[in-house]
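First up is the structure itself, then whatever we jot down about it.
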Amino acid sequence: MDLHERLRSLERENAILRQQLAILRAQFTASLAAHELPFDAVFHQLPLPMVLFAPDGLAVAMNRANEQLVATPIDQVVGRYNIYQDPAAQKRGFVAAFESARRGQVTTMPPTPYDTAEANIEGRTIDQQFWSETTYFPIYDHMHRLVLIGELNRDVTDWVRIREEEQRLAAELRDREQRFSALFDQLSLGIVVIEESGRILDCNRAVTSILGFERHELIGKLILHRTHPDDRTRDLALWEELLEGKRNSYTIEKRYFHKDGHIVYGRMTCSAVRDEHGKITFLVRIIEDISAQRNAEAAVETSRRLLQDIINQIPALIFVKDIEGRYLIVNERLARFSGYQPEAMIGKCDDELFAPALADYYRAFDREVILHRRPIQRDDDRWTADGLTSYTTIKFPLFDHEGTMYGIAGVSIDVTERRRMERERERIEQQLRETQRLESLGLMAGGIAHDFNNLLVGVLGNVSLALNEIPEDHTVYPLLTQIEQAALRATELTGQLLTYTGRHQLEMQRLDLKQVVEEMQTLLRSLLPRRIEIVIQSSPTPLPINGNVAQIRQVLLNLAINGAEAISGTGKVTISTQPCELSADDMANMQIGSDQPPGHYAALIVQDTGHGMDEITKARIFDPFFSTKFTGRGLGLAAVNGIVRSHRAALTINTAPNQGTTFSVFFPISMTDTSAELPTPVKQTTSIAATTSNDLPQRGVLIVDDEAEVRHVALRMLQRLGFTAYAAGSSEEAHQVMAQFGEQIILALIDLTMPDITGDVLATDVLQHYPHVYVILMSGFSQQELPANLRNSGRASFLAKPFTIAALSAAIRNALSSHAV
């Protein structure tokens, strides 16, 4: 790979790193919110050098990675340094970039050189010079108010040095072109540039010396006019073959007429120079005057030295062998790499120069090129004095003018830096996967969300009661409103936790599963190692489903990465989509979703050629914290479990030791008319009191919850709404209340998760023994926690915790209007 390609590769990697930084930033935000990690602990462990500024320009935080980069202690920056007071920052444009970030733009400065002064960081004296690329970006709070300006610094010293090297080489190339132009006229070989018609376009001085004509006398004339008549027929026949593309060049010995009339014997090689489409742009004839053998031998030696000088300057390992494997040409880099002087390798074979195993590898490579008669490229790693070095080697056959193979040439390019960057990318990707696993602590997150929602019932419920008790112009009213807003934001937080655990309903939309998978191809190919082949087999028809696109992408990423990690060495991950019809027997064999109904499904199938699993491992793969890998948290497939359940989908696994693994996820096919999927809500215009009798004994409501605060708030709300309210702290107490007041109670609010008899069991019993009673099940989770028998009963509704008095009123109105979940 030349320097241009390496530079483009670095720029692509830079774009990927920025994208991954954005993902990492979002994931760290969610992780901090979910686990309440200390900001300093996370901020200082980030491998990305960062500084946080207040909008007025004062530095408020700097992590250790930035401290090490700029060799300046944190306490000398934080609280002291202000970008607006730095003349150098103003002069270099950093203040302007900072202002752009304040206006909501992400601005990246061009690479800037730094010379760090001597500083003592953690007992080490640092004095270094480097180039840094600085990016300023705005940071907003939940109200989209600008709170901080972030500064991200990245050491791009290597990139800058490559650009400088590229400029140096470009200047050197121009210098060489000038030398080549001078060399063109100084060569002892005659060079004639001609067009397809055979007319001379240009020639060098050697031609005028050989033929006796001046350059202006030859340009525009036919070259064959200077050829002896007896040699024209043979020359013309080869010329026609060259123009027809039957050959690339030819060499013949022929006679020329000198200007003074005597014969000049010469060896002429004619070659066609073609463009990228194979069309001839011009032809070149090289004429060697063999009348004076000494001059001819000198010209050959000059050409050989020129070739050797050129290949010695090329930054690669270069060689030419004859058909028997003897080295004919080597450059100095190859000789140094092999531990020899160049002249010591000429005429030797591989088994005379290298260890047996390495010699056998080189000979086998040569035989493959000779057998296929075409270039072959391979990548390999070799140990050198500098450590492990990676090379890309291409070998190609050499043919003479008659098409006979006479040798093999090879070029090996050092790609160690590119491989290092690939490994660095893989390391960052592993970091991202680790972050995803940390965010997948579903078991703990679900429990926290549920308990937190119970606590929020007391906060939000009491606030809503208080807001109904006082007028809006009361001095306390704004304070209560702020408390209510804070509680609602906390509710949103628990909703996010439940979404990740698969126990909360996300915003669903109509998707084409086929299209979602196809759009993930580029990301999958960048995340999975290059040793893994990715095959995408798309359905011939669209696969409409109702789902959350982010979670479906997460399922695909987790399964694909899991499959790739199960493969040792090279292998293949095949991802396919297709429609299918599942029977009741098919659903009964599902690992997840066996309770889903049979019917039409869209299948997402991820198959790998890895080591597979035994039955014990297969039975535990969806358990949180279970993993067969040395690293990892064992939460990737646990997240898949929650997402599949939240989409009312199904999943099955086909695996065996050393037989690979196939995960098949089945999403219900969406109906063509999406409006038929959801019932049309009935607008309620009557009050709660209008839905029942005015006889208060017939308007009793039972509240069942093991949390005393929830019961207390619900009782006050029910009384506020005009009901006679009864409370029970357990299922046993609820049975006692129903036995005493069952005829007066028309509605039971039951917590779904109670320690003794669960709420769904109590609700089923109440509905069975009291046909006039409706049930509202309450939970900090989502309504999908309700069993199918209650969802289909027509007398059971759902109320999510926490709730306000307005939400409770709406839930009761719907329940008493016979609107079930």
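In the structure tokens, chains take the letters A, B, ... in the order shown, each chain's residues start at 1, and ligands count up from 1 in the order shown.
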Problem set entry | 12 Å contact set for Val320 (chain A), only C-alpha atoms, chain neighbours under 2 positions out, as JSON, numbers by chain | {"A": [307, 308, 311, 317, 318, 322, 323, 324, 325, 326, 327, 328, 329, 330, 331, 334, 345, 346, 347, 348, 349, 366, 395, 396, 397, 398, 406, 407, 408, 409, 410, 411]}
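In this structure, CA of Val516 (chain A) sits 26.8 Å away from CA of Gly612 (chain A).
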Seminar exercise, completed: From CA of Ile669 (chain A) to CA of Arg553 (chain A) the spacing works out at 17.3 Å
For this session: Write out as a PyMOL selection string each polymer residue whose atoms come within 7 Å of region 557-563 of chain A, counting only C-alpha atoms; drop sequence neighbours fewer than 4 positions from it.
Result: chain A and resi 528+553+567+573+606+608+610+636-637
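Minimum distance to Lys801 (chain A) across A:Gln578, A:Gln768, A:Thr753, A:Gln482 (counting only C-alpha atoms) occurs at A:Thr753.
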For this session: Would you list, as a VMD selection string, the residues of region 515-564 of chain A that end up in strand (DSSP E or B) under DSSP run on this structure's backbone?
Result: chain A and resid 532 to 537 544 to 547
Exercise. Out of A:Ala54, A:Ala564, A:Ala763, A:Ile621, which residue has the shortest atom-to-atom distance to Ile532 (chain A) when counting only C-alpha atoms?
Worked result: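 Checking each of A:Ala54, A:Ala564, A:Ala763, A:Ile621 against Ile532 (chain A), counting only C-alpha atoms, the winner is A:Ala564.
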What lies within 9 Å of Gln596 (chain A) using only C-alpha atoms, ignoring chain neighbours under 4 positions off, as a PDB file with N, CA, C and O atoms, in the first residue's frame?
ATOM      1  N   ALA A 584     -48.403 -24.901  15.396  1.00  0.00           N
ATOM      2  CA  ALA A 584     -48.428 -24.984  16.859  1.00  0.00           C
ATOM      3  C   ALA A 584     -47.280 -25.843  17.369  1.00  0.00           C
ATOM      4  O   ALA A 584     -46.690 -25.553  18.424  1.00  0.00           O
ATOM      5  N   MET A 587     -44.114 -23.739  17.362  1.00  0.00           N
ATOM      6  CA  MET A 587     -44.060 -22.788  18.474  1.00  0.00           C
ATOM      7  C   MET A 587     -43.733 -23.494  19.783  1.00  0.00           C
ATOM      8  O   MET A 587     -43.054 -22.939  20.648  1.00  0.00           O
ATOM      9  N   ALA A 588     -44.190 -24.737  19.932  1.00  0.00           N
ATOM     10  CA  ALA A 588     -43.934 -25.466  21.180  1.00  0.00           C
ATOM     11  C   ALA A 588     -42.458 -25.756  21.377  1.00  0.00           C
ATOM     12  O   ALA A 588     -41.992 -25.963  22.501  1.00  0.00           O
ATOM     13  N   ARG A 648     -43.115  -9.708  21.204  1.00  0.00           N
ATOM     14  CA  ARG A 648     -44.003 -10.872  21.058  1.00  0.00           C
ATOM     15  C   ARG A 648     -43.507 -11.780  19.939  1.00  0.00           C
ATOM     16  O   ARG A 648     -44.288 -12.299  19.133  1.00  0.00           O
ATOM     17  N   ALA A 649     -42.198 -11.934  19.890  1.00  0.00           N
ATOM     18  CA  ALA A 649     -41.562 -12.777  18.881  1.00  0.00           C
ATOM     19  C   ALA A 649     -41.179 -14.109  19.516  1.00  0.00           C
ATOM     20  O   ALA A 649     -41.483 -14.388  20.679  1.00  0.00           O
ATOM     21  N   ALA A 650     -40.510 -14.942  18.727  1.00  0.00           N
ATOM     22  CA  ALA A 650     -40.076 -16.257  19.198  1.00  0.00           C
ATOM     23  C   ALA A 650     -38.657 -16.504  18.721  1.00  0.00           C
ATOM     24  O   ALA A 650     -38.176 -15.873  17.771  1.00  0.00           O
TER      25      ALA A 650
END
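Distance annotation: of A:Gln76, A:Pro579, A:Leu238, A:Gln554, the residue with the minimal separation from Asn641 (chain A) is A:Gln554; atom set is only C-alpha atoms.
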Problem set entry | Close residues, region 261-265 of chain A itself excluded, 12 Å, only C-alpha atoms, min 6 positions apart in chain, as a list in words |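 The filter keeps Val207, Ser209, Ile210, Leu211, Gly212, Phe213, Arg226, Thr227, His228, Pro229, Asp231, Ile252, Glu253, Lys254, Arg255, Ile287, Glu288, Asp289, Ile290, Ser291, Ala292, Gln293 and Ala296 of chain A.
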For this session: For Glu196 (chain A), list every protein, DNA or RNA residue within 12 Å, evaluated using only C-alpha atoms, and leave out those in the same chain fewer than 5 positions away; present the list as number ranges by chain.
Result: A: 201, 222-223, 239-240, 242-244, 270-274, 279-284
Please save all heavy atoms of the selected residues as a short mmCIF file (atom, residue, chain, number, x, y, z; two decimals), in the first residue's frame.
data_model
loop_
_atom_site.label_atom_id
_atom_site.label_comp_id
_atom_site.auth_asym_id
_atom_site.auth_seq_id
_atom_site.Cartn_x
_atom_site.Cartn_y
_atom_site.Cartn_z
N LEU A 201 6.88 10.63 -32.99
CA LEU A 201 6.47 11.78 -32.17
C LEU A 201 7.65 12.43 -31.49
O LEU A 201 7.67 13.65 -31.32
CB LEU A 201 5.45 11.31 -31.11
CG LEU A 201 4.13 10.74 -31.63
CD1 LEU A 201 3.31 10.20 -30.47
CD2 LEU A 201 3.36 11.79 -32.39
N LEU A 222 7.82 8.37 -41.04
CA LEU A 222 7.53 6.97 -40.74
C LEU A 222 8.82 6.26 -40.36
O LEU A 222 9.82 6.32 -41.08
CB LEU A 222 6.88 6.28 -41.93
CG LEU A 222 5.44 6.73 -42.27
CD1 LEU A 222 4.99 6.09 -43.57
CD2 LEU A 222 4.50 6.36 -41.14
N ILE A 223 8.77 5.55 -39.22
CA ILE A 223 9.97 4.88 -38.74
C ILE A 223 10.42 3.78 -39.69
O ILE A 223 11.61 3.50 -39.82
CB ILE A 223 9.73 4.33 -37.32
CG1 ILE A 223 11.05 3.78 -36.72
CG2 ILE A 223 8.65 3.27 -37.32
CD1 ILE A 223 12.10 4.82 -36.49
N TRP A 239 4.37 -5.69 -35.77
CA TRP A 239 3.74 -4.41 -35.47
C TRP A 239 2.22 -4.54 -35.48
O TRP A 239 1.53 -4.05 -34.60
CB TRP A 239 4.23 -3.38 -36.49
CG TRP A 239 3.51 -2.07 -36.46
CD1 TRP A 239 2.45 -1.69 -37.22
CD2 TRP A 239 3.79 -0.94 -35.63
NE1 TRP A 239 2.06 -0.42 -36.95
CE2 TRP A 239 2.88 0.08 -35.95
CE3 TRP A 239 4.76 -0.70 -34.65
CZ2 TRP A 239 2.89 1.31 -35.33
CZ3 TRP A 239 4.76 0.53 -34.04
CH2 TRP A 239 3.83 1.53 -34.36
N GLU A 240 1.66 -5.25 -36.49
CA GLU A 240 0.23 -5.45 -36.57
C GLU A 240 -0.29 -6.26 -35.38
O GLU A 240 -1.36 -5.99 -34.85
CB GLU A 240 -0.12 -6.15 -37.89
CG GLU A 240 0.13 -5.31 -39.14
CD GLU A 240 -0.76 -4.07 -39.17
OE1 GLU A 240 -1.85 -4.11 -38.57
OE2 GLU A 240 -0.37 -3.06 -39.77
N LEU A 242 0.98 -6.33 -32.45
CA LEU A 242 1.03 -5.44 -31.29
C LEU A 242 -0.18 -4.51 -31.27
O LEU A 242 -0.83 -4.32 -30.23
CB LEU A 242 2.32 -4.63 -31.32
CG LEU A 242 2.59 -3.69 -30.12
CD1 LEU A 242 2.73 -4.50 -28.85
CD2 LEU A 242 3.83 -2.85 -30.36
N LEU A 243 -0.55 -3.96 -32.42
CA LEU A 243 -1.70 -3.06 -32.49
C LEU A 243 -2.99 -3.81 -32.21
O LEU A 243 -3.95 -3.25 -31.67
CB LEU A 243 -1.76 -2.39 -33.86
CG LEU A 243 -0.61 -1.44 -34.22
CD1 LEU A 243 -0.84 -0.84 -35.59
CD2 LEU A 243 -0.46 -0.34 -33.18
N GLU A 244 -3.07 -5.10 -32.61
CA GLU A 244 -4.26 -5.89 -32.40
C GLU A 244 -4.37 -6.43 -30.96
O GLU A 244 -5.37 -7.06 -30.61
CB GLU A 244 -4.29 -7.06 -33.38
CG GLU A 244 -4.47 -6.62 -34.83
CD GLU A 244 -4.26 -7.76 -35.82
OE1 GLU A 244 -4.02 -8.89 -35.36
OE2 GLU A 244 -4.35 -7.52 -37.02
N CYS A 270 9.96 -2.95 -29.38
CA CYS A 270 8.79 -2.08 -29.54
C CYS A 270 7.74 -2.46 -28.51
O CYS A 270 7.39 -3.65 -28.37
CB CYS A 270 8.23 -2.20 -30.95
SG CYS A 270 6.84 -1.07 -31.28
N SER A 271 7.22 -1.48 -27.78
CA SER A 271 6.20 -1.72 -26.75
C SER A 271 5.06 -0.73 -26.92
O SER A 271 5.27 0.40 -27.38
CB SER A 271 6.77 -1.57 -25.33
OG SER A 271 7.85 -2.46 -25.14
N ALA A 272 3.85 -1.18 -26.52
CA ALA A 272 2.67 -0.32 -26.56
C ALA A 272 2.34 0.17 -25.16
O ALA A 272 2.32 -0.62 -24.22
CB ALA A 272 1.48 -1.07 -27.15
N VAL A 273 2.10 1.43 -25.02
CA VAL A 273 1.67 2.02 -23.75
C VAL A 273 0.16 2.25 -23.85
O VAL A 273 -0.31 2.99 -24.71
CB VAL A 273 2.40 3.34 -23.46
CG1 VAL A 273 1.90 3.95 -22.15
CG2 VAL A 273 3.90 3.11 -23.42
N ARG A 274 -0.60 1.58 -22.97
CA ARG A 274 -2.06 1.61 -23.03
C ARG A 274 -2.63 2.34 -21.82
O ARG A 274 -2.03 2.37 -20.75
CB ARG A 274 -2.62 0.18 -23.10
CG ARG A 274 -2.07 -0.62 -24.27
CD ARG A 274 -2.61 -2.05 -24.27
NE ARG A 274 -1.97 -2.86 -25.30
CZ ARG A 274 -2.39 -2.93 -26.56
NH1 ARG A 274 -3.47 -2.24 -26.92
NH2 ARG A 274 -1.77 -3.67 -27.45
N LYS A 279 -6.61 0.95 -24.41
CA LYS A 279 -6.38 1.62 -25.69
C LYS A 279 -4.95 2.15 -25.74
O LYS A 279 -4.44 2.72 -24.78
CB LYS A 279 -7.38 2.75 -25.86
CG LYS A 279 -7.27 3.45 -27.21
CD LYS A 279 -8.32 4.54 -27.35
CE LYS A 279 -8.19 5.24 -28.68
NZ LYS A 279 -9.19 6.34 -28.83
N ILE A 280 -4.31 1.98 -26.89
CA ILE A 280 -2.92 2.44 -27.05
C ILE A 280 -2.88 3.96 -27.06
O ILE A 280 -3.62 4.62 -27.81
CB ILE A 280 -2.32 1.87 -28.35
CG1 ILE A 280 -2.20 0.33 -28.26
CG2 ILE A 280 -0.95 2.49 -28.63
CD1 ILE A 280 -1.69 -0.32 -29.52
N THR A 281 -2.04 4.52 -26.21
CA THR A 281 -1.82 5.98 -26.21
C THR A 281 -0.62 6.36 -27.05
O THR A 281 -0.63 7.37 -27.74
CB THR A 281 -1.63 6.47 -24.77
OG1 THR A 281 -0.54 5.75 -24.16
CG2 THR A 281 -2.89 6.22 -23.94
N PHE A 282 0.43 5.55 -26.98
CA PHE A 282 1.58 5.72 -27.86
C PHE A 282 2.42 4.45 -27.80
O PHE A 282 2.16 3.56 -26.98
CB PHE A 282 2.41 6.95 -27.48
CG PHE A 282 2.98 6.90 -26.09
CD1 PHE A 282 4.24 6.37 -25.84
CD2 PHE A 282 2.27 7.41 -25.02
CE1 PHE A 282 4.76 6.33 -24.56
CE2 PHE A 282 2.78 7.36 -23.74
CZ PHE A 282 4.02 6.83 -23.51
N LEU A 283 3.39 4.36 -28.67
CA LEU A 283 4.29 3.21 -28.71
C LEU A 283 5.73 3.70 -28.60
O LEU A 283 6.05 4.84 -28.98
CB LEU A 283 4.11 2.39 -30.00
CG LEU A 283 2.69 1.83 -30.22
CD1 LEU A 283 1.93 2.72 -31.19
CD2 LEU A 283 2.73 0.41 -30.72
N VAL A 284 6.57 2.84 -28.09
CA VAL A 284 7.97 3.19 -27.87
C VAL A 284 8.85 2.14 -28.53
O VAL A 284 8.62 0.93 -28.36
CB VAL A 284 8.30 3.29 -26.37
CG1 VAL A 284 9.79 3.60 -26.18
CG2 VAL A 284 7.45 4.36 -25.70
#
Exercise. So how far away is CA of Thr652 (chain A) from CA of Gly593 (chain A), in Å?
Worked result: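 Result for CA of Gly593 (chain A) versus CA of Thr652 (chain A): 8.9 Å, one decimal.
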Exercise. Quick one: of A:Asn63, A:Thr251, A:Gln178, A:Thr617, who's nearest to Gly266 (chain A), counting only C-alpha atoms?
Worked result: A:Thr251
